[in-house]
Amino acid sequence: MTAIIELEHSRMRPGQVAEALHAWMAAAVPGSAHRIAANVCMCPECCGDGPRGRLEDAMRALPAWAKPYLYGLVLPIDRRFVFRTFPDPLVSQDIPWWQRRRRRVVSHSVIEVGSPGALVVRLRAIEDAASGE
């Protein structure tokens, strides 16, 4: 806590790490975000680096002895986010990993395809239909 308080009073504003942790949990755990940080609405709270980016900045800025404590809080949320999303191969590899993932859409229909490529096309069509694109 001491390292986070010091960080928030020097490079961030007080309470920003807790706010980012709460916002990341709110977006990642229920899987409500279409794509974290897709810059759809240009709002930094749900697009841009957003809460996960602020947590990453905080983890980089903390002293080595304090990083594992914050990472221990972020890791379970990251794991839920990874479980509820899938990598988007069309997104640039130059952006952070959490921005390269899309929400997983679960369909209860049976999919019969002849090749893995056809499966990717079919899953993308299901996802686009679910998101209204």
# chains A, B, ... in the order shown; residues from 1 in each chain; ligands from 1
call {"tool": "residues_around", "arguments": {"residues": "region 7-13 of chain A", "least_positions_apart": "2", "cutoff": "12 Å", "atoms": "only C-alpha atoms", "output": "list of chain:residue names"}}
result
A:Met1, A:Thr2, A:Ala3, A:Ile4, A:Ile5, A:Gly15, A:Gln16, A:Val17, A:Ala18, A:Glu19, A:Ala20, A:Arg54, A:Leu55, A:Asp57, A:Ala58, A:Met59, A:Arg60, A:Ala61, A:Leu62, A:Pro63, A:Ala66, A:Lys67
